[in-house]
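Read the structure below first, then the notes.
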Amino acid sequence: MDRKKKISRKQIYYFNRIPFRFKLIAFEAFLTMAISRFYILFIPFRRVATRMGKPMHETTKEIDSERLTYARQIAWMIEKVSNYTPWESKCLVRALTGQKMLKKRKIPSTLYLGVKKENVDGLSAHAWLRCGNFVILGGKERSGYTTVAYFGAD
């Protein structure tokens, strides 16, 4: 189990120096992750899936560089903030958060769910988020996973 990081004075100092718009993105990511985690824990998956986008629909792989840059900034902030949440913010929470934040900004993305066999008896699941031609969340860990579902949000 991964441990949450403690916030140091140095990190607070650097956070205070970043532009206000990035602070807003960090705050939005934190709140959206809380909502995503709540959904995962307390709402049946079939209802969560209806909020994930159109099932088995891939969004366009063509996206302008400005929107892609903005999507990557949001993904980077989600990754950073997820280390400091008091709840588990693993791949599905991050992917749901990213998709919700991108959809709000009218940036298309596709959320993928995959599984792989871990050992004789077990399966492992993973979620990742693609924007344009690039996997912006969960990409490093997705090797070996077979896609079982995907949801496009235009």
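Residue names in the structure tokens use chain letters A, B, ... in the order shown, residue numbers from 1 in each chain, and ligand numbers from 1 in the order shown.
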
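On the backbone of this structure, DSSP gives strand (DSSP E or B) within range 99-135 of chain A to Ser109, Thr110, Leu111, Tyr112, Leu113, Gly114, Val115, Lys116, Lys117, Leu123, Ser124, Ala125, His126, Ala127, Trp128, Leu129, Arg130, Cys131, Phe134 and Val135 of chain A.
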
Near range 23-35 of chain A, within 12 Å and counting only C-alpha atoms, which residues show up once chain neighbours fewer than 6 positions away are dropped, as a short mmCIF file (atom, residue, chain, number, x, y, z; two decimals) with N, CA and C atoms, in the first residue's frame?
```cif
data_model
loop_
_atom_site.label_atom_id
_atom_site.label_comp_id
_atom_site.auth_asym_id
_atom_site.auth_seq_id
_atom_site.Cartn_x
_atom_site.Cartn_y
_atom_site.Cartn_z
N ILE A 12 4.93 23.96 0.79
CA ILE A 12 4.01 25.08 1.00
C ILE A 12 4.59 26.35 0.39
N TYR A 14 6.65 26.56 -2.18
CA TYR A 14 6.54 26.49 -3.64
C TYR A 14 5.09 26.61 -4.10
N PHE A 15 4.15 26.03 -3.34
CA PHE A 15 2.74 26.15 -3.69
C PHE A 15 2.31 27.62 -3.66
N ASN A 16 2.79 28.35 -2.69
CA ASN A 16 2.44 29.77 -2.59
C ASN A 16 3.02 30.59 -3.75
N ARG A 17 4.04 30.09 -4.39
CA ARG A 17 4.68 30.81 -5.49
C ARG A 17 4.07 30.52 -6.86
N LEU A 41 -16.94 4.32 -3.98
CA LEU A 41 -17.22 3.59 -2.75
C LEU A 41 -18.71 3.32 -2.52
N PHE A 42 -19.56 4.27 -2.88
CA PHE A 42 -20.95 4.20 -2.44
C PHE A 42 -22.01 4.10 -3.54
N ILE A 43 -21.63 4.27 -4.78
CA ILE A 43 -22.60 4.22 -5.88
C ILE A 43 -22.33 2.97 -6.71
N VAL A 48 -22.19 4.73 -11.94
CA VAL A 48 -20.96 5.51 -12.15
C VAL A 48 -20.63 5.51 -13.63
N TYR A 70 -2.95 22.05 -22.12
CA TYR A 70 -3.80 22.31 -20.96
C TYR A 70 -4.23 21.00 -20.31
N ALA A 71 -4.57 19.99 -21.12
CA ALA A 71 -4.95 18.68 -20.59
C ALA A 71 -3.79 18.06 -19.81
N GLN A 73 -1.38 19.68 -18.28
CA GLN A 73 -1.22 20.44 -17.04
C GLN A 73 -2.22 19.95 -15.98
N ILE A 74 -3.45 19.73 -16.42
CA ILE A 74 -4.47 19.22 -15.50
C ILE A 74 -4.07 17.83 -14.99
N ALA A 75 -3.62 16.97 -15.89
CA ALA A 75 -3.20 15.62 -15.50
C ALA A 75 -2.04 15.68 -14.52
N TRP A 76 -1.08 16.55 -14.77
CA TRP A 76 0.07 16.69 -13.87
C TRP A 76 -0.40 17.12 -12.49
N MET A 77 -1.33 18.05 -12.43
CA MET A 77 -1.83 18.53 -11.15
C MET A 77 -2.60 17.43 -10.43
N ILE A 78 -3.38 16.64 -11.16
CA ILE A 78 -4.11 15.52 -10.55
C ILE A 78 -3.12 14.53 -9.93
N GLU A 79 -2.05 14.21 -10.66
CA GLU A 79 -1.03 13.29 -10.13
C GLU A 79 -0.42 13.84 -8.85
N LYS A 80 -0.09 15.12 -8.83
CA LYS A 80 0.52 15.73 -7.65
C LYS A 80 -0.45 15.74 -6.47
N VAL A 81 -1.67 16.21 -6.71
CA VAL A 81 -2.65 16.33 -5.63
C VAL A 81 -3.03 14.96 -5.08
N SER A 82 -3.07 13.94 -5.94
CA SER A 82 -3.48 12.60 -5.49
C SER A 82 -2.55 12.03 -4.42
N ASN A 83 -1.32 12.52 -4.37
CA ASN A 83 -0.38 12.06 -3.34
C ASN A 83 -0.70 12.60 -1.96
N TYR A 84 -1.56 13.61 -1.88
CA TYR A 84 -1.83 14.28 -0.60
C TYR A 84 -3.27 14.17 -0.14
N THR A 85 -4.08 13.37 -0.81
CA THR A 85 -5.46 13.21 -0.37
C THR A 85 -5.50 12.26 0.83
N PRO A 86 -6.41 12.49 1.78
CA PRO A 86 -6.49 11.59 2.94
C PRO A 86 -7.17 10.26 2.61
N TRP A 87 -7.62 10.07 1.39
CA TRP A 87 -8.23 8.82 0.93
C TRP A 87 -7.36 8.27 -0.19
N GLU A 88 -7.63 7.03 -0.58
CA GLU A 88 -6.91 6.43 -1.70
C GLU A 88 -7.34 7.09 -3.00
N SER A 89 -6.38 7.55 -3.75
CA SER A 89 -6.65 8.16 -5.05
C SER A 89 -5.84 7.43 -6.11
N LYS A 90 -6.27 6.21 -6.37
CA LYS A 90 -5.56 5.38 -7.34
C LYS A 90 -6.06 5.67 -8.74
N CYS A 91 -5.76 4.78 -9.65
CA CYS A 91 -5.95 5.03 -11.08
C CYS A 91 -7.37 5.40 -11.48
N LEU A 92 -8.37 4.71 -10.96
CA LEU A 92 -9.74 5.00 -11.37
C LEU A 92 -10.19 6.38 -10.86
N VAL A 93 -9.82 6.70 -9.65
CA VAL A 93 -10.15 8.03 -9.10
C VAL A 93 -9.50 9.11 -9.95
N ARG A 94 -8.24 8.93 -10.29
CA ARG A 94 -7.52 9.92 -11.10
C ARG A 94 -8.12 10.04 -12.50
N ALA A 95 -8.41 8.90 -13.11
CA ALA A 95 -8.96 8.92 -14.46
C ALA A 95 -10.34 9.59 -14.48
N LEU A 96 -11.19 9.26 -13.52
CA LEU A 96 -12.51 9.90 -13.44
C LEU A 96 -12.38 11.40 -13.22
N THR A 97 -11.46 11.77 -12.36
CA THR A 97 -11.22 13.20 -12.08
C THR A 97 -10.74 13.91 -13.33
N GLY A 98 -9.78 13.31 -14.02
CA GLY A 98 -9.27 13.92 -15.25
C GLY A 98 -10.34 14.06 -16.30
N GLN A 99 -11.13 13.02 -16.48
CA GLN A 99 -12.18 13.08 -17.49
C GLN A 99 -13.20 14.17 -17.16
N LYS A 100 -13.57 14.26 -15.89
CA LYS A 100 -14.55 15.27 -15.47
C LYS A 100 -14.01 16.68 -15.69
N MET A 101 -12.75 16.90 -15.31
CA MET A 101 -12.16 18.23 -15.46
C MET A 101 -11.98 18.60 -16.92
N LEU A 102 -11.62 17.64 -17.76
CA LEU A 102 -11.47 17.92 -19.19
C LEU A 102 -12.82 18.16 -19.85
N LYS A 104 -15.43 19.43 -18.53
CA LYS A 104 -15.85 20.77 -18.13
C LYS A 104 -15.25 21.83 -19.05
N ARG A 105 -14.05 21.55 -19.57
CA ARG A 105 -13.34 22.49 -20.44
C ARG A 105 -13.54 22.16 -21.92
#
```

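The residue that comes closest to Gly114 in chain A, out of A:Arg130, A:Tyr150, A:Val135, A:Arg9 and on the basis of only C-alpha atoms, is A:Tyr150.
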
(Q) Nearest residue to Ala153 in chain A out of A:Ile63, A:Ile18, A:Ile107, A:Val120, using only C-alpha atoms? (A) A:Ile107

Q: DSSP on the backbone, then: every residue of range 35-65 of chain A marked helix (DSSP H, G or I), written as a PyMOL selection string.
A: chain A and resi 35-42+45-50+65

Q. Nearest to Ile136 in chain A among A:Lys106, A:Arg21, A:Arg47, A:Arg72, with distances taken over only C-alpha atoms: which residue is it?
A. A:Arg72

(Q) Report as number ranges by chain all protein, DNA and RNA residues lying within 12 Å of range 56-59 of chain A, evaluated on only C-alpha atoms, omitting residues in the same chain fewer than 5 positions from it. (A) A: 49-50, 99, 103, 106-113, 129-134, 147-154
